[in-house]
>>> print(open('my_file.pdb').read())   # PDB, C-alpha atoms
ATOM      1  CA  MET A   1      26.130 -27.243  31.459  1.00  0.00           C
ATOM      2  CA  GLY A   2      28.753 -25.099  33.224  1.00  0.00           C
ATOM      3  CA  ARG A   3      27.906 -22.684  36.004  1.00  0.00           C
ATOM      4  CA  HIS A   4      28.700 -19.710  33.766  1.00  0.00           C
ATOM      5  CA  ALA A   5      26.385 -20.840  30.974  1.00  0.00           C
ATOM      6  CA  ALA A   6      23.939 -18.070  30.094  1.00  0.00           C
ATOM      7  CA  SER A   7      20.255 -18.836  30.316  1.00  0.00           C
ATOM      8  CA  ALA A   8      17.966 -17.167  27.822  1.00  0.00           C
ATOM      9  CA  ARG A   9      14.340 -16.583  26.918  1.00  0.00           C
ATOM     10  CA  VAL A  10      12.624 -15.352  23.775  1.00  0.00           C
ATOM     11  CA  ALA A  11      10.907 -11.955  23.423  1.00  0.00           C
ATOM     12  CA  GLY A  12       9.434 -10.747  20.136  1.00  0.00           C
ATOM     13  CA  GLY A  13      11.289 -13.422  18.168  1.00  0.00           C
ATOM     14  CA  ILE A  14      14.668 -12.311  19.585  1.00  0.00           C
ATOM     15  CA  THR A  15      16.622 -14.357  22.141  1.00  0.00           C
ATOM     16  CA  VAL A  16      17.067 -12.313  25.319  1.00  0.00           C
ATOM     17  CA  PRO A  17      19.910 -13.342  27.644  1.00  0.00           C
ATOM     18  CA  THR A  18      19.215 -13.379  31.370  1.00  0.00           C
ATOM     19  CA  SER A  19      22.731 -13.610  32.801  1.00  0.00           C
ATOM     20  CA  ALA A  20      25.181 -10.760  33.406  1.00  0.00           C
ATOM     21  CA  ASN A  21      27.614 -12.137  30.827  1.00  0.00           C
ATOM     22  CA  GLY A  22      24.735 -12.601  28.426  1.00  0.00           C
ATOM     23  CA  ASN A  23      23.781  -8.953  28.898  1.00  0.00           C
ATOM     24  CA  GLU A  24      27.239  -7.820  27.843  1.00  0.00           C
ATOM     25  CA  VAL A  25      27.160 -10.052  24.787  1.00  0.00           C
ATOM     26  CA  GLN A  26      23.729  -8.765  23.816  1.00  0.00           C
ATOM     27  CA  ILE A  27      24.784  -5.121  24.159  1.00  0.00           C
ATOM     28  CA  LYS A  28      28.001  -5.616  22.175  1.00  0.00           C
ATOM     29  CA  ARG A  29      26.084  -7.410  19.448  1.00  0.00           C
ATOM     30  CA  LEU A  30      23.476  -4.639  19.212  1.00  0.00           C
ATOM     31  CA  ARG A  31      26.126  -1.900  19.109  1.00  0.00           C
ATOM     32  CA  ALA A  32      27.958  -3.674  16.308  1.00  0.00           C
ATOM     33  CA  LYS A  33      24.780  -4.482  14.406  1.00  0.00           C
ATOM     34  CA  PHE A  34      23.254  -1.004  14.600  1.00  0.00           C
ATOM     35  CA  ALA A  35      26.401   1.134  14.670  1.00  0.00           C
ATOM     36  CA  ILE A  36      25.225   3.093  11.635  1.00  0.00           C
ATOM     37  CA  ALA A  37      21.508   2.832  12.318  1.00  0.00           C
ATOM     38  CA  PRO A  38      19.552   6.112  12.012  1.00  0.00           C
ATOM     39  CA  HIS A  39      19.245   7.958  15.311  1.00  0.00           C
ATOM     40  CA  GLN A  40      15.753   9.177  14.462  1.00  0.00           C
ATOM     41  CA  ARG A  41      12.989   7.074  15.984  1.00  0.00           C
ATOM     42  CA  PRO A  42      10.948   5.082  13.438  1.00  0.00           C
ATOM     43  CA  ALA A  43       7.256   5.902  13.807  1.00  0.00           C
ATOM     44  CA  PHE A  44       6.335   2.281  14.564  1.00  0.00           C
ATOM     45  CA  VAL A  45       8.711   2.031  17.566  1.00  0.00           C
ATOM     46  CA  ALA A  46       7.472   3.173  20.989  1.00  0.00           C
ATOM     47  CA  GLU A  47       9.203   6.281  22.356  1.00  0.00           C
ATOM     48  CA  SER A  48      10.082   4.584  25.650  1.00  0.00           C
ATOM     49  CA  ASP A  49      11.672   1.599  23.892  1.00  0.00           C
ATOM     50  CA  TRP A  50      13.556   3.847  21.477  1.00  0.00           C
ATOM     51  CA  GLY A  51      14.898   5.969  24.330  1.00  0.00           C
ATOM     52  CA  ILE A  52      16.313   2.901  26.033  1.00  0.00           C
ATOM     53  CA  PHE A  53      17.697   1.553  22.752  1.00  0.00           C
ATOM     54  CA  THR A  54      19.358   4.870  21.879  1.00  0.00           C
ATOM     55  CA  ALA A  55      20.895   5.295  25.324  1.00  0.00           C
ATOM     56  CA  CYS A  56      22.260   1.769  25.354  1.00  0.00           C
ATOM     57  CA  VAL A  57      23.294   1.275  21.735  1.00  0.00           C
ATOM     58  CA  HIS A  58      24.117   4.743  20.408  1.00  0.00           C
ATOM     59  CA  GLU A  59      25.149   6.549  23.602  1.00  0.00           C
ATOM     60  CA  LYS A  60      26.785   3.350  24.915  1.00  0.00           C
ATOM     61  CA  ARG A  61      25.431   3.647  28.447  1.00  0.00           C
ATOM     62  CA  ALA A  62      25.736   0.556  30.618  1.00  0.00           C
ATOM     63  CA  LEU A  63      22.582  -1.477  31.254  1.00  0.00           C
ATOM     64  CA  THR A  64      23.143  -1.325  35.019  1.00  0.00           C
ATOM     65  CA  ASP A  65      23.479   2.471  34.839  1.00  0.00           C
ATOM     66  CA  LEU A  66      20.220   2.744  32.879  1.00  0.00           C
ATOM     67  CA  SER A  67      18.504   0.432  35.332  1.00  0.00           C
ATOM     68  CA  ARG A  68      19.454   2.677  38.243  1.00  0.00           C
ATOM     69  CA  SER A  69      18.656   5.995  36.531  1.00  0.00           C
ATOM     70  CA  LEU A  70      15.313   4.847  35.109  1.00  0.00           C
ATOM     71  CA  GLY A  71      14.300   2.779  38.099  1.00  0.00           C
ATOM     72  CA  MET A  72      13.600  -0.208  35.851  1.00  0.00           C
ATOM     73  CA  PRO A  73      14.775  -3.788  36.354  1.00  0.00           C
ATOM     74  CA  PRO A  74      17.329  -5.025  33.803  1.00  0.00           C
ATOM     75  CA  ALA A  75      14.844  -7.608  32.502  1.00  0.00           C
ATOM     76  CA  ARG A  76      12.468  -4.861  31.318  1.00  0.00           C
ATOM     77  CA  LEU A  77      15.334  -2.997  29.670  1.00  0.00           C
ATOM     78  CA  ARG A  78      16.372  -6.159  27.829  1.00  0.00           C
ATOM     79  CA  ASP A  79      12.785  -6.649  26.648  1.00  0.00           C
ATOM     80  CA  SER A  80      12.753  -3.085  25.266  1.00  0.00           C
ATOM     81  CA  LEU A  81      16.004  -3.689  23.402  1.00  0.00           C
ATOM     82  CA  ALA A  82      14.629  -6.944  21.976  1.00  0.00           C
ATOM     83  CA  ARG A  83      11.414  -5.284  20.815  1.00  0.00           C
ATOM     84  CA  VAL A  84      13.306  -2.528  18.989  1.00  0.00           C
ATOM     85  CA  GLU A  85      15.699  -5.014  17.413  1.00  0.00           C
ATOM     86  CA  ALA A  86      12.793  -7.142  16.172  1.00  0.00           C
ATOM     87  CA  LEU A  87      11.193  -4.101  14.536  1.00  0.00           C
ATOM     88  CA  ILE A  88      14.188  -2.447  12.891  1.00  0.00           C
ATOM     89  CA  GLU A  89      16.544  -5.294  12.084  1.00  0.00           C
ATOM     90  CA  PRO A  90      17.389  -5.498   8.370  1.00  0.00           C
ATOM     91  CA  ARG A  91      14.942  -7.641   6.438  1.00  0.00           C
ATOM     92  CA  SER A  92      15.381  -9.562   3.216  1.00  0.00           C
ATOM     93  CA  ILE A  93      13.079  -7.152   1.399  1.00  0.00           C
ATOM     94  CA  THR A  94      14.241  -6.272  -2.096  1.00  0.00           C
ATOM     95  CA  PRO A  95      12.732  -4.536  -5.117  1.00  0.00           C
ATOM     96  CA  ALA A  96      12.392  -8.043  -6.614  1.00  0.00           C
ATOM     97  CA  ILE A  97       9.068  -8.381  -4.767  1.00  0.00           C
ATOM     98  CA  THR A  98       6.330  -8.385  -7.389  1.00  0.00           C
ATOM     99  CA  PRO A  99       2.804  -6.953  -7.001  1.00  0.00           C
ATOM    100  CA  ASP A 100       1.161 -10.391  -7.225  1.00  0.00           C
ATOM    101  CA  ARG A 101       3.007 -11.764  -4.186  1.00  0.00           C
ATOM    102  CA  VAL A 102       1.021 -12.307  -0.986  1.00  0.00           C
ATOM    103  CA  LEU A 103       1.248  -9.411   1.468  1.00  0.00           C
ATOM    104  CA  GLU A 104       3.124 -11.626   3.945  1.00  0.00           C
ATOM    105  CA  THR A 105       6.104 -11.171   1.596  1.00  0.00           C
ATOM    106  CA  LEU A 106       6.517  -7.677   3.037  1.00  0.00           C
ATOM    107  CA  GLN A 107       7.388  -9.241   6.430  1.00  0.00           C
ATOM    108  CA  LEU A 108       5.062  -6.980   8.394  1.00  0.00           C
ATOM    109  CA  SER A 109       4.174  -7.352  12.043  1.00  0.00           C
ATOM    110  CA  VAL A 110       1.216  -9.566  12.958  1.00  0.00           C
ATOM    111  CA  ARG A 111      -0.837  -6.478  13.845  1.00  0.00           C
ATOM    112  CA  ALA A 112      -0.189  -4.884  10.447  1.00  0.00           C
ATOM    113  CA  ARG A 113      -0.953  -8.079   8.535  1.00  0.00           C
ATOM    114  CA  ASN A 114      -4.235  -8.582  10.379  1.00  0.00           C
ATOM    115  CA  ALA A 115      -5.268  -4.964   9.775  1.00  0.00           C
ATOM    116  CA  LEU A 116      -4.531  -5.244   6.053  1.00  0.00           C
ATOM    117  CA  HIS A 117      -6.481  -8.499   5.781  1.00  0.00           C
ATOM    118  CA  ARG A 118      -9.446  -6.769   7.424  1.00  0.00           C
ATOM    119  CA  LEU A 119      -9.199  -4.132   4.693  1.00  0.00           C
ATOM    120  CA  GLY A 120      -9.503  -6.894   2.100  1.00  0.00           C
ATOM    121  CA  CYS A 121      -5.847  -6.944   1.063  1.00  0.00           C
ATOM    122  CA  GLU A 122      -4.317 -10.238  -0.008  1.00  0.00           C
ATOM    123  CA  THR A 123      -1.404  -9.234  -2.235  1.00  0.00           C
ATOM    124  CA  VAL A 124       1.333  -6.605  -2.260  1.00  0.00           C
ATOM    125  CA  ASP A 125      -0.534  -4.897  -5.089  1.00  0.00           C
ATOM    126  CA  ASP A 126      -3.673  -4.663  -2.921  1.00  0.00           C
ATOM    127  CA  VAL A 127      -1.643  -2.971  -0.179  1.00  0.00           C
ATOM    128  CA  SER A 128       0.097  -0.574  -2.556  1.00  0.00           C
ATOM    129  CA  ARG A 129      -3.275   0.587  -3.937  1.00  0.00           C
ATOM    130  CA  LEU A 130      -4.646   1.639  -0.557  1.00  0.00           C
ATOM    131  CA  ASP A 131      -5.408   5.330  -0.195  1.00  0.00           C
ATOM    132  CA  PHE A 132      -3.119   6.153   2.715  1.00  0.00           C
ATOM    133  CA  LYS A 133      -4.049   9.826   2.435  1.00  0.00           C
ATOM    134  CA  SER A 134      -7.577   9.056   3.628  1.00  0.00           C
ATOM    135  CA  SER A 135      -8.673   7.823   7.047  1.00  0.00           C
ATOM    136  CA  LEU A 136      -8.334   4.037   7.350  1.00  0.00           C
ATOM    137  CA  ARG A 137      -9.897   2.931  10.621  1.00  0.00           C
ATOM    138  CA  GLN A 138      -8.095  -0.405  10.651  1.00  0.00           C
ATOM    139  CA  LEU A 139      -4.673   1.253  10.426  1.00  0.00           C
ATOM    140  CA  GLY A 140      -3.338   3.246  13.356  1.00  0.00           C
ATOM    141  CA  SER A 141      -0.551   5.757  12.839  1.00  0.00           C
ATOM    142  CA  LYS A 142       2.226   3.323  13.826  1.00  0.00           C
ATOM    143  CA  THR A 143       0.848   0.512  11.678  1.00  0.00           C
ATOM    144  CA  ARG A 144       0.391   2.893   8.747  1.00  0.00           C
ATOM    145  CA  SER A 145       4.012   4.064   9.063  1.00  0.00           C
ATOM    146  CA  GLU A 146       5.232   0.477   9.247  1.00  0.00           C
ATOM    147  CA  VAL A 147       3.325  -0.504   6.089  1.00  0.00           C
ATOM    148  CA  LEU A 148       4.552   2.538   4.178  1.00  0.00           C
ATOM    149  CA  ASP A 149       8.127   1.826   5.251  1.00  0.00           C
ATOM    150  CA  ARG A 150       7.941  -1.808   4.101  1.00  0.00           C
ATOM    151  CA  LEU A 151       6.378  -0.839   0.788  1.00  0.00           C
ATOM    152  CA  ASP A 152       9.081   1.754   0.226  1.00  0.00           C
ATOM    153  CA  LYS A 153      11.841  -0.785   0.948  1.00  0.00           C
ATOM    154  CA  ALA A 154      10.171  -3.241  -1.428  1.00  0.00           C
ATOM    155  CA  GLY A 155      10.364  -0.694  -4.235  1.00  0.00           C
ATOM    156  CA  PHE A 156       6.735   0.436  -4.207  1.00  0.00           C
ATOM    157  CA  HIS A 157       7.334   4.162  -3.882  1.00  0.00           C
ATOM    158  CA  PRO A 158       5.655   6.472  -4.620  1.00  0.00           C
ATOM    159  CA  LEU A 159       2.489   4.602  -3.737  1.00  0.00           C
ATOM    160  CA  PHE A 160       0.497   5.288  -6.912  1.00  0.00           C
ATOM    161  CA  PRO A 161      -0.349   8.857  -5.806  1.00  0.00           C
ATOM    162  CA  ASP A 162      -2.215   9.649  -9.025  1.00  0.00           C
ATOM    163  CA  LYS A 163      -4.274   6.470  -9.122  1.00  0.00           C
ATOM    164  CA  PRO A 164      -7.651   6.959  -7.399  1.00  0.00           C
ATOM    165  CA  SER A 165      -8.899   4.308  -5.009  1.00  0.00           C
ATOM    166  CA  PRO A 166     -12.086   2.339  -5.849  1.00  0.00           C
ATOM    167  CA  SER A 167     -14.026   4.267  -3.192  1.00  0.00           C
ATOM    168  CA  GLU A 168     -12.882   7.578  -4.684  1.00  0.00           C
ATOM    169  CA  VAL A 169     -13.942   6.444  -8.167  1.00  0.00           C
ATOM    170  CA  THR A 170     -17.371   5.509  -6.804  1.00  0.00           C
ATOM    171  CA  ARG A 171     -17.791   8.924  -5.158  1.00  0.00           C
ATOM    172  CA  ILE A 172     -16.822  10.724  -8.358  1.00  0.00           C
ATOM    173  CA  ALA A 173     -19.202   8.586 -10.442  1.00  0.00           C
ATOM    174  CA  ARG A 174     -22.098   9.382  -8.095  1.00  0.00           C
ATOM    175  CA  SER A 175     -21.287  13.094  -8.248  1.00  0.00           C
ATOM    176  CA  LEU A 176     -21.300  12.940 -12.040  1.00  0.00           C
ATOM    177  CA  ASP A 177     -24.682  11.209 -11.982  1.00  0.00           C
ATOM    178  CA  ARG A 178     -26.118  13.970  -9.788  1.00  0.00           C
ATOM    179  CA  VAL A 179     -24.723  16.694 -12.059  1.00  0.00           C
ATOM    180  CA  GLN A 180     -26.076  14.913 -15.129  1.00  0.00           C
ATOM    181  CA  SER A 181     -29.508  14.636 -13.515  1.00  0.00           C
ATOM    182  CA  ARG A 182     -29.570  18.355 -12.725  1.00  0.00           C
ATOM    183  CA  LEU A 183     -28.491  19.175 -16.285  1.00  0.00           C
ATOM    184  CA  ASN A 184     -31.233  16.958 -17.721  1.00  0.00           C
ATOM    185  CA  THR A 185     -33.845  18.642 -15.541  1.00  0.00           C
ATOM    186  CA  ALA A 186     -32.622  22.098 -16.550  1.00  0.00           C
ATOM    187  CA  PHE A 187     -32.533  21.117 -20.239  1.00  0.00           C
ATOM    188  CA  GLU A 188     -36.102  19.825 -20.120  1.00  0.00           C
ATOM    189  CA  SER A 189     -37.248  23.075 -18.510  1.00  0.00           C
ATOM    190  CA  VAL A 190     -35.540  25.143 -21.182  1.00  0.00           C
ATOM    191  CA  MET A 191     -37.065  23.003 -23.959  1.00  0.00           C
ATOM    192  CA  ARG A 192     -40.555  23.483 -22.485  1.00  0.00           C
ATOM    193  CA  GLU A 193     -40.049  27.254 -22.535  1.00  0.00           C
ATOM    194  CA  ILE A 194     -38.807  27.100 -26.136  1.00  0.00           C
ATOM    195  CA  ARG A 195     -41.826  25.057 -27.231  1.00  0.00           C
ATOM    196  CA  ALA A 196     -44.164  27.472 -25.430  1.00  0.00           C
ATOM    197  CA  LEU A 197     -42.584  30.427 -27.210  1.00  0.00           C
ATOM    198  CA  GLN A 198     -42.773  28.647 -30.544  1.00  0.00           C
ATOM    199  CA  ASP A 199     -46.487  27.990 -29.995  1.00  0.00           C
ATOM    200  CA  ARG A 200     -47.052  31.677 -29.249  1.00  0.00           C
ATOM    201  CA  VAL A 201     -45.170  32.716 -32.379  1.00  0.00           C
ATOM    202  CA  GLU A 202     -47.263  30.339 -34.502  1.00  0.00           C
ATOM    203  CA  LYS A 203     -50.529  31.664 -33.056  1.00  0.00           C
ATOM    204  CA  LEU A 204     -49.505  35.278 -33.570  1.00  0.00           C
ATOM    205  CA  GLY A 205     -48.648  34.495 -37.178  1.00  0.00           C
ATOM    206  CA  GLU A 206     -52.065  33.025 -38.003  1.00  0.00           C
TER     207      GLU A 206
END
>>> encode(input="my_file.pdb", output="structure tokens")
Amino acid sequence: MGRHAASARVAGGITVPTSANGNEVQIKRLRAKFAIAPHQRPAFVAESDWGIFTACVHEKRALTDLSRSLGMPPARLRDSLARVEALIEPRSITPAITPDRVLETLQLSVRARNALHRLGCETVDDVSRLDFKSSLRQLGSKTRSEVLDRLDKAGFHPLFPDKPSPSEVTRIARSLDRVQSRLNTAFESVMREIRALQDRVEKLGE
């Protein structure tokens, strides 16, 4: 291998170059790949990583310049770029994904997949039926945003907003039972009063 050959390591599933020439290649590739990427930070990307990515890719600042101004070694900057690329790179998600497919089809992060499995989800349909408007302890804000984004790209939007979740149905059913019980009690009380009045009327008529 020649003396100018670039060494590399892997971070977040993305190959990260460790030589100066490799840095330039990485930056050029990212700028070409994400030239029309949205400048607004996705909710599931850390602010610090997105700031570095934006400065390097969109504002086209040199990695060495960023390293000096931020006081960070180039290796950490490359890791940030790799993390952002791994999260926002285009995926092969299409509306052809069907509800019965396993949730792994959505190509979520490991954290998101594990959280959804803990919620009892196995298929895309299970995920799409979650009540994202309520508090889901297993899903943090970033994970929730990631899941919603993947569902939207897979064609599952809106996320069944009018379909109540099983827990909501259970709560409503219990409330109905309580109302019915109170109505039955009130009805029985009224009937007792009616019978008492009828008895009085019969006695007065004798």
>>> atom_distance(input="my_file.pdb", atom1="atom CA of Trp50 of chain A", atom2="atom CA of Val84 of chain A")
6.8 Å
>>> resolve_selection(input="my_file.pdb", expression="the PyMOL selection byres ((chain A and resi 30) around 12)", output="number ranges by chain")
A: 14, 16, 23-29, 31-37, 53-58, 60, 78, 81-82, 84-86, 88-89
>>> closest_residue(input="my_file.pdb", among="A:Thr143, A:Arg101, A:Leu136, A:Val45", to="Asn114 of chain A", atoms="all atoms listed in the file")
A:Thr143
>>> resolve_selection(input="my_file.pdb", expression="the PyMOL selection byres ((chain A and resi 76) around 12)", output="list of chain:residue names")
A:Ala11, A:Val16, A:Pro17, A:Thr18, A:Ser48, A:Asp49, A:Ile52, A:Phe53, A:Leu63, A:Thr64, A:Leu66, A:Ser67, A:Leu70, A:Gly71, A:Met72, A:Pro73, A:Pro74, A:Ala75, A:Leu77, A:Arg78, A:Asp79, A:Ser80, A:Leu81, A:Ala82, A:Arg83
>>> atom_distance(input="my_file.pdb", atom1="atom CA of Lys203 of chain A", atom2="atom CA of Thr185 of chain A")
27.5 Å
>>> atom_distance(input="my_file.pdb", atom1="atom CA of Ala154 of chain A", atom2="atom CA of Leu106 of chain A")
7.3 Å
>>> closest_residue(input="my_file.pdb", among="A:Ala43, A:Ser141, A:Val147, A:Ala62", to="Leu103 of chain A", atoms="only C-alpha atoms")
A:Val147
>>> closest_residue(input="my_file.pdb", among="A:Glu193, A:Glu104, A:Asp152, A:Glu146", to="Ser128 of chain A", atoms="all atoms listed in the file")
A:Asp152
>>> residues_around(input="my_file.pdb", residues="Asp125 of chain A", least_positions_apart="3", cutoff="7 Å", atoms="only C-alpha atoms", output="MDAnalysis selection string")
chainID A and resid 99:100 128:129
>>> closest_residue(input="my_file.pdb", among="A:Arg111, A:Arg182, A:Arg174, A:Arg61", to="Lys142 of chain A", atoms="only C-alpha atoms")
A:Arg111
>>> resolve_selection(input="my_file.pdb", expression="the PyMOL selection byres ((chain A and resi 127) around 12)", output="PyMOL selection string")
chain A and resi 99-106+108+112-113+115-126+128-132+139+144+147-148+150-152+154+156+159-160+165
